[in-house]
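Enquirer: My structure file my_file-v9.cif, mmCIF, C-alpha atoms and all ligand atoms, is below:
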data_final
loop_
_atom_site.group_PDB
_atom_site.id
_atom_site.type_symbol
_atom_site.label_atom_id
_atom_site.label_comp_id
_atom_site.auth_asym_id
_atom_site.auth_seq_id
_atom_site.Cartn_x
_atom_site.Cartn_y
_atom_site.Cartn_z
ATOM 1 C CA MET A 141 117.309 86.749 24.139
ATOM 2 C CA ASN A 142 115.697 83.750 25.844
ATOM 3 C CA MET A 143 112.274 83.337 27.455
ATOM 4 C CA SER A 144 113.595 83.764 30.999
ATOM 5 C CA GLN A 145 114.151 87.403 30.102
ATOM 6 C CA HIS A 146 110.454 87.802 29.267
ATOM 7 C CA PRO A 147 108.549 85.605 31.729
ATOM 8 C CA VAL A 148 104.812 85.805 31.236
ATOM 9 C CA THR A 149 103.451 86.996 34.591
ATOM 10 C CA ASP A 150 99.838 87.825 35.410
ATOM 11 C CA GLN A 151 100.811 91.103 37.094
ATOM 12 C CA PRO A 152 103.373 93.850 36.545
ATOM 13 C CA ARG A 153 106.610 93.293 38.471
ATOM 14 C CA VAL A 154 108.035 96.317 40.281
ATOM 15 C CA GLY A 155 111.506 96.379 41.845
ATOM 16 C CA VAL A 156 111.704 98.080 45.249
ATOM 17 C CA SER A 157 114.672 99.212 47.327
ATOM 18 C CA ALA A 158 114.585 96.418 49.902
ATOM 19 C CA CYS A 159 114.809 98.728 52.933
ATOM 20 C CA LEU A 160 111.441 100.255 51.923
ATOM 21 C CA LEU A 161 109.879 96.802 52.284
ATOM 22 C CA GLY A 162 111.080 96.498 55.881
ATOM 23 C CA GLN A 163 114.313 94.608 55.261
ATOM 24 C CA PRO A 164 116.987 95.764 57.779
ATOM 25 C CA VAL A 165 119.699 96.189 55.130
ATOM 26 C CA ARG A 166 120.717 99.832 55.556
ATOM 27 C CA TYR A 167 124.258 100.869 56.478
ATOM 28 C CA ASP A 168 123.102 101.341 60.099
ATOM 29 C CA GLY A 169 121.380 97.956 60.240
ATOM 30 C CA LYS A 170 117.903 99.493 60.143
ATOM 31 C CA ASP A 171 115.099 99.545 57.593
ATOM 32 C CA LYS A 172 112.951 102.303 56.104
ATOM 33 C CA ASN A 173 109.690 100.405 55.990
ATOM 34 C CA CYS A 174 107.111 102.363 53.993
ATOM 35 C CA MET A 175 103.466 101.286 54.088
ATOM 36 C CA ASN A 176 102.768 103.498 51.105
ATOM 37 C CA VAL A 177 105.073 101.286 49.036
ATOM 38 C CA GLN A 178 103.645 98.061 50.508
ATOM 39 C CA SER A 179 100.176 99.212 49.459
ATOM 40 C CA LEU A 180 101.094 98.751 45.764
ATOM 41 C CA THR A 181 100.814 94.962 46.181
ATOM 42 C CA PRO A 182 97.250 94.453 45.004
ATOM 43 C CA CYS A 183 98.242 95.894 41.614
ATOM 44 C CA CYS A 184 101.684 94.386 41.150
ATOM 45 C CA GLU A 185 104.299 91.976 42.434
ATOM 46 C CA LEU A 186 106.995 93.750 44.464
ATOM 47 C CA VAL A 187 110.564 92.496 44.021
ATOM 48 C CA PRO A 188 112.968 93.611 46.804
ATOM 49 C CA VAL A 189 116.488 94.541 45.709
ATOM 50 C CA CYS A 190 119.349 95.960 47.797
ATOM 51 C CA PRO A 191 122.302 96.901 45.582
ATOM 52 C CA GLU A 192 124.705 97.388 48.499
ATOM 53 C CA VAL A 193 124.009 94.005 50.098
ATOM 54 C CA GLY A 194 123.844 92.461 46.613
ATOM 55 C CA MET A 195 127.327 93.683 45.794
ATOM 56 C CA GLY A 196 128.643 92.031 48.950
ATOM 57 C CA LEU A 197 128.752 94.796 51.569
ATOM 58 C CA PRO A 198 127.965 93.795 55.172
ATOM 59 C CA VAL A 199 125.158 95.069 57.441
ATOM 60 C CA PRO A 200 125.969 97.310 59.214
ATOM 61 C CA ARG A 201 128.659 98.932 57.033
ATOM 62 C CA PRO A 202 130.584 102.188 56.787
ATOM 63 C CA PRO A 203 128.608 104.964 55.044
ATOM 64 C CA ILE A 204 129.386 105.549 51.371
ATOM 65 C CA GLN A 205 128.947 108.487 49.021
ATOM 66 C CA VAL A 206 128.841 109.237 45.299
ATOM 67 C CA TRP A 207 131.690 111.330 43.911
ATOM 68 C CA GLN A 208 132.028 112.923 40.503
ATOM 69 C CA SER A 209 134.834 114.598 38.669
ATOM 70 C CA GLY A 210 134.106 115.720 35.119
ATOM 71 C CA ASP A 211 132.496 112.699 33.438
ATOM 72 C CA ALA A 212 133.856 110.261 36.029
ATOM 73 C CA LEU A 213 131.481 108.941 38.669
ATOM 74 C CA GLY A 214 132.298 106.642 41.587
ATOM 75 C CA LEU A 215 131.153 105.283 44.927
ATOM 76 C CA ARG A 216 133.451 105.304 47.923
ATOM 77 C CA GLN A 217 133.545 105.080 51.690
ATOM 78 C CA VAL A 218 133.103 108.435 53.426
ATOM 79 C CA GLU A 219 135.724 107.738 56.087
ATOM 80 C CA ASN A 220 138.187 106.021 53.783
ATOM 81 C CA PRO A 221 137.856 107.490 50.260
ATOM 82 C CA ALA A 222 140.545 105.115 48.967
ATOM 83 C CA VAL A 223 137.942 102.305 49.132
ATOM 84 C CA GLU A 224 136.319 102.560 45.673
ATOM 85 C CA LEU A 225 133.195 100.431 45.272
ATOM 86 C CA ALA A 226 131.881 101.346 41.812
ATOM 87 C CA PRO A 227 133.434 98.295 40.030
ATOM 88 C CA GLN A 228 131.857 95.975 42.637
ATOM 89 C CA LEU A 229 128.435 97.556 42.068
ATOM 90 C CA GLN A 230 128.818 97.361 38.287
ATOM 91 C CA ASP A 231 129.740 93.631 38.484
ATOM 92 C CA TRP A 232 126.669 92.892 40.589
ATOM 93 C CA TYR A 233 124.450 94.931 38.263
ATOM 94 C CA GLN A 234 125.655 92.983 35.239
ATOM 95 C CA ARG A 235 125.235 89.631 36.974
ATOM 96 C CA LEU A 236 121.542 90.468 37.538
ATOM 97 C CA ASN A 237 120.931 91.539 33.952
ATOM 98 C CA LEU A 238 118.194 88.931 33.438
ATOM 99 C CA LEU A 239 116.272 90.225 36.448
ATOM 100 C CA TRP A 240 116.170 93.809 35.150
ATOM 101 C CA HIS A 241 114.521 92.526 31.966
ATOM 102 C CA THR A 242 111.626 91.127 34.028
ATOM 103 C CA LEU A 243 110.752 94.397 35.802
ATOM 104 C CA ASP A 244 108.156 96.991 34.773
ATOM 105 C CA GLY A 245 109.225 99.770 37.133
ATOM 106 C CA PHE A 246 111.204 100.551 40.257
ATOM 107 C CA VAL A 247 110.383 102.271 43.575
ATOM 108 C CA LEU A 248 113.600 103.719 44.947
ATOM 109 C CA LYS A 249 114.843 105.004 48.308
ATOM 110 C CA SER A 250 115.433 108.737 48.091
ATOM 111 C CA ARG A 251 118.880 110.248 48.784
ATOM 112 C CA SER A 252 120.684 106.893 48.858
ATOM 113 C CA PRO A 253 124.151 106.793 47.213
ATOM 114 C CA SER A 254 122.979 103.669 45.373
ATOM 115 C CA CYS A 255 119.195 103.984 45.047
ATOM 116 C CA GLY A 256 118.547 107.744 44.989
ATOM 117 C CA HIS A 257 116.567 109.021 41.995
ATOM 118 C CA GLY A 258 117.513 112.648 41.390
ATOM 119 C CA SER A 259 117.899 113.229 45.140
ATOM 120 C CA THR A 260 121.349 111.841 45.985
ATOM 121 C CA PRO A 261 124.064 114.247 47.153
ATOM 122 C CA LEU A 262 127.021 114.144 44.723
ATOM 123 C CA HIS A 263 130.467 115.064 46.069
ATOM 124 C CA ASP A 264 133.647 116.387 44.547
ATOM 125 C CA ILE A 265 136.996 114.684 44.982
ATOM 126 C CA SER A 266 137.562 116.364 48.321
ATOM 127 C CA GLY A 267 134.208 115.099 49.648
ATOM 128 C CA GLU A 268 132.308 118.381 49.440
ATOM 129 C CA PRO A 269 128.656 118.097 48.299
ATOM 130 C CA VAL A 270 128.421 119.911 44.958
ATOM 131 C CA ALA A 271 125.182 118.741 43.338
ATOM 132 C CA VAL A 272 122.220 116.407 43.590
ATOM 133 C CA GLY A 273 121.589 113.546 41.174
ATOM 134 C CA ASP A 274 121.116 109.791 40.871
ATOM 135 C CA GLY A 275 122.680 107.078 42.990
ATOM 136 C CA LEU A 276 125.062 104.776 41.165
ATOM 137 C CA PHE A 277 122.631 101.853 40.806
ATOM 138 C CA VAL A 278 120.026 104.202 39.337
ATOM 139 C CA THR A 279 122.595 105.644 36.929
ATOM 140 C CA LEU A 280 123.197 102.107 35.610
ATOM 141 C CA LEU A 281 119.484 101.258 35.501
ATOM 142 C CA ARG A 282 118.596 104.431 33.594
ATOM 143 C CA ALA A 283 121.383 103.832 31.079
ATOM 144 C CA GLY A 284 120.338 100.208 30.493
ATOM 145 C CA PHE A 285 116.551 100.679 30.648
ATOM 146 C CA PRO A 286 115.691 104.247 29.675
ATOM 147 C CA TYR A 287 111.954 103.442 29.420
ATOM 148 C CA MET A 288 111.609 101.792 32.828
ATOM 149 C CA PRO A 289 109.312 103.918 35.057
ATOM 150 C CA LEU A 290 111.098 105.067 38.228
ATOM 151 C CA ILE A 291 109.832 106.831 41.348
ATOM 152 C CA ASP A 292 111.018 107.283 44.927
ATOM 153 C CA GLU A 293 109.064 106.829 48.147
ATOM 154 C CA VAL A 294 108.750 110.604 48.615
ATOM 155 C CA SER A 295 107.138 111.200 45.200
ATOM 156 C CA LEU A 296 104.953 108.138 45.730
ATOM 157 C CA GLN A 297 103.137 110.061 48.479
ATOM 158 C CA ASN A 298 101.796 112.429 45.838
ATOM 159 C CA SER A 299 98.587 110.915 44.515
ATOM 160 C CA ALA A 300 98.970 112.335 40.958
ATOM 161 C CA ALA A 301 102.583 111.104 40.747
ATOM 162 C CA ARG A 302 101.585 107.688 42.097
ATOM 163 C CA LYS A 303 98.771 107.337 39.537
ATOM 164 C CA ALA A 304 101.084 108.435 36.694
ATOM 165 C CA PHE A 305 103.732 105.933 37.826
ATOM 166 C CA MET A 306 101.198 103.080 37.932
ATOM 167 C CA ARG A 307 99.905 103.982 34.462
ATOM 168 C CA GLN A 308 103.474 103.828 33.142
ATOM 169 C CA VAL A 309 104.105 100.515 34.923
ATOM 170 C CA ILE A 310 101.003 98.940 33.384
ATOM 171 C CA ALA A 311 101.933 100.228 29.909
ATOM 172 C CA HIS A 312 105.473 98.820 30.342
ATOM 173 C CA TYR A 313 104.029 95.467 31.499
ATOM 174 C CA GLN A 314 101.715 95.257 28.488
ATOM 175 C CA GLN A 315 104.634 95.911 26.141
ATOM 176 C CA ARG A 316 106.792 93.323 27.925
ATOM 177 C CA ILE A 317 104.082 90.651 27.765
ATOM 178 C CA LYS A 318 103.461 91.446 24.110
ATOM 179 C CA GLY A 319 107.200 90.997 23.474
ATOM 180 C CA ALA A 320 107.144 87.634 25.272
ATOM 181 C CA GLY A 321 104.103 86.513 23.242
ATOM 182 C CA MET A 322 105.784 87.433 19.965
ATOM 183 C CA HIS A 323 108.933 85.617 21.026
ATOM 184 C CA ARG A 324 106.921 82.464 21.889
ATOM 185 C CA GLU A 325 105.026 82.647 18.590
ATOM 186 C CA GLN A 326 108.292 82.956 16.704
ATOM 187 C CA LYS A 327 109.729 79.909 18.507
ATOM 188 C CA THR A 328 106.616 77.855 17.639
ATOM 189 C CA GLN A 329 106.881 78.855 13.978
ATOM 190 C CA ASP A 330 110.570 77.964 13.959
ATOM 191 C CA LYS A 331 109.918 74.404 15.190
ATOM 192 C CA PRO A 332 110.480 71.657 12.585
ATOM 193 C CA GLY A 333 107.142 70.670 10.996
ATOM 194 C CA ASN A 334 105.623 74.130 11.472
ATOM 195 C CA ALA A 335 106.826 75.493 8.162
HETATM 196 S S1 LIG A 401 118.686 102.496 49.890
HETATM 197 FE FE1 LIG A 401 119.149 100.859 48.429
HETATM 198 S S2 LIG A 401 121.253 100.275 48.885
HETATM 199 FE FE2 LIG A 401 120.525 101.469 50.629
HETATM 200 S S3 LIG A 401 119.748 99.912 52.074
HETATM 201 FE FE3 LIG A 401 118.019 100.589 50.828
HETATM 202 S S4 LIG A 401 117.954 99.092 49.177
HETATM 203 FE FE4 LIG A 401 119.959 98.922 50.093
#
Take the structure I supplied and represent it as structure tokens, if you would.
Ligand code: SF4

Expert:
Amino acid sequence: MNMSQHPVTDQPRVGVSACLLGQPVRYDGKDKNCMNVQSLTPCCELVPVCPEVGMGLPVPRPPIQVWQSGDALGLRQVENPAVELAPQLQDWYQRLNLLWHTLDGFVLKSRSPSCGHGSTPLHDISGEPVAVGDGLFVTLLRAGFPYMPLIDEVSLQNSAARKAFMRQVIAHYQQRIKGAGMHREQKTQDKPGNA
């Protein structure tokens, strides 16, 4: 693991679904600007991320949905279910692996097939909604970073949930910075002449 994975920053860094920060990246070309999310900025650096634009989809774009069948999970166009997008999303997610290591939390857009956190409609093979769960990006993020604090813009409106999220973000940041410090110390000790 190199230092770029643990940059020393003077504030926690929180990923945010880019549409919540006013970026017009949604499937319909609009945004979901949320002042409640913007108001986190005095305490942390907000890092906008849009998985669907990141994976190469255009704006606007055909709506997509999450499907599941047994253990299998995918992401496909609603109108043309033959268009399977999960591999594209997974490639993008892996390409940004270094970025995920620099984040201390994530504020997510509720109900999105990519960004939803426990609020995304899941469909069966025939397209019928059968359950509610995580969007595909969040499924990957939770698997890779089980200790990263996550919240959506709806829960963020609740003052107790917001305070708990920020406490978790700060704790995660302190651990990350500690890890970076230990890594730097180790590198200094490893230098020739420091034995
Ligand atoms: S919910 Fe996520 S994928 Fe959808 S537009 Fe917002 S940032 Fe992009």

Enquirer: If we count only C-alpha atoms and set the cut-off at 7 Å, which residues sit around Cys190 in chain A, ignoring sequence neighbours fewer than 2 positions away in its own chain? Please answer as an MDAnalysis selection string.

Expert: chainID A and resid 157:158 188 192:194

Enquirer: I'd like the contact shell of range 272-283 of chain A - 10 Å cut-off, only C-alpha atoms, skipping same-chain residues fewer than 6 positions apart - returned as a PyMOL selection string.

Expert: chain A and resi 190-192+205-207+213-215+226+229-230+232-234+237+240+246+248-263+289-290

Enquirer: Show me, as a list in words, the residues that have an atom within 10 Å of Val177 in chain A when counting all atoms listed in the file, minus same-chain residues fewer than 4 positions from it.

Expert: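 Counting all atoms listed in the file, the residues come to Val156, Ser157, Leu160, Leu161, Asn173, Thr181, Leu186, Val247, Leu248, Asp292, Glu293, Leu296 and Gln297 of chain A.
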
Enquirer: Could you save those same residues with C-alpha atoms as a short mmCIF file (atom, residue, chain, number, x, y, z; two decimals), keeping the file's coordinate frame?

Expert:
data_model
loop_
_atom_site.label_atom_id
_atom_site.label_comp_id
_atom_site.auth_asym_id
_atom_site.auth_seq_id
_atom_site.Cartn_x
_atom_site.Cartn_y
_atom_site.Cartn_z
CA VAL A 156 111.70 98.08 45.25
CA SER A 157 114.67 99.21 47.33
CA LEU A 160 111.44 100.26 51.92
CA LEU A 161 109.88 96.80 52.28
CA ASN A 173 109.69 100.40 55.99
CA THR A 181 100.81 94.96 46.18
CA LEU A 186 107.00 93.75 44.46
CA VAL A 247 110.38 102.27 43.58
CA LEU A 248 113.60 103.72 44.95
CA ASP A 292 111.02 107.28 44.93
CA GLU A 293 109.06 106.83 48.15
CA LEU A 296 104.95 108.14 45.73
CA GLN A 297 103.14 110.06 48.48
#

Enquirer: Given all atoms listed in the file as the basis, pick out the residue of A:Gln208, A:Gln178, A:Ser266, A:Gln163 nearest to ligand LIG 401 (chain A).

Expert: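 Of A:Gln208, A:Gln178, A:Ser266, A:Gln163, the one nearest ligand LIG 401 (chain A), counting all atoms listed in the file, is A:Gln163.
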
Enquirer: So what do you get for CA of Phe285 in chain A versus CA of Gln217 in chain A, distance-wise?

Expert: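 Interatomic distance, CA of Phe285 in chain A to CA of Gln217 in chain A: 27.4 Å.
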
Enquirer: I'd like to know which of A:Arg153, A:Lys318, A:Arg302, A:Arg166 is closest to ligand LIG 401 (chain A), using only C-alpha atoms and all ligand atoms.

Expert: A:Arg166

Enquirer: Would you compute the distance between CA of Ala311 in chain A and CA of Thr242 in chain A? Give it in Å to one decimal.

Expert: 13.9 Å

Enquirer: In Å, with one decimal, what is the gap from CA of Ala271 in chain A to CA of Pro203 in chain A?

Expert: 18.4 Å

Enquirer: Would you mind telling me which residue in A:Tyr167, A:Pro182, A:Arg316, A:Pro198 lies nearest to His241 in chain A when using all atoms listed in the file?

Expert: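 The shortest atom-to-atom distance to His241 in chain A comes from A:Arg316.
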
Enquirer: Using only C-alpha atoms, which residue out of A:Ser295, A:Val270, A:Ile265, A:Cys183 lies closest to Ala212 in chain A?

Expert: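 Among the listed residues, A:Ile265 lies closest to Ala212 in chain A.
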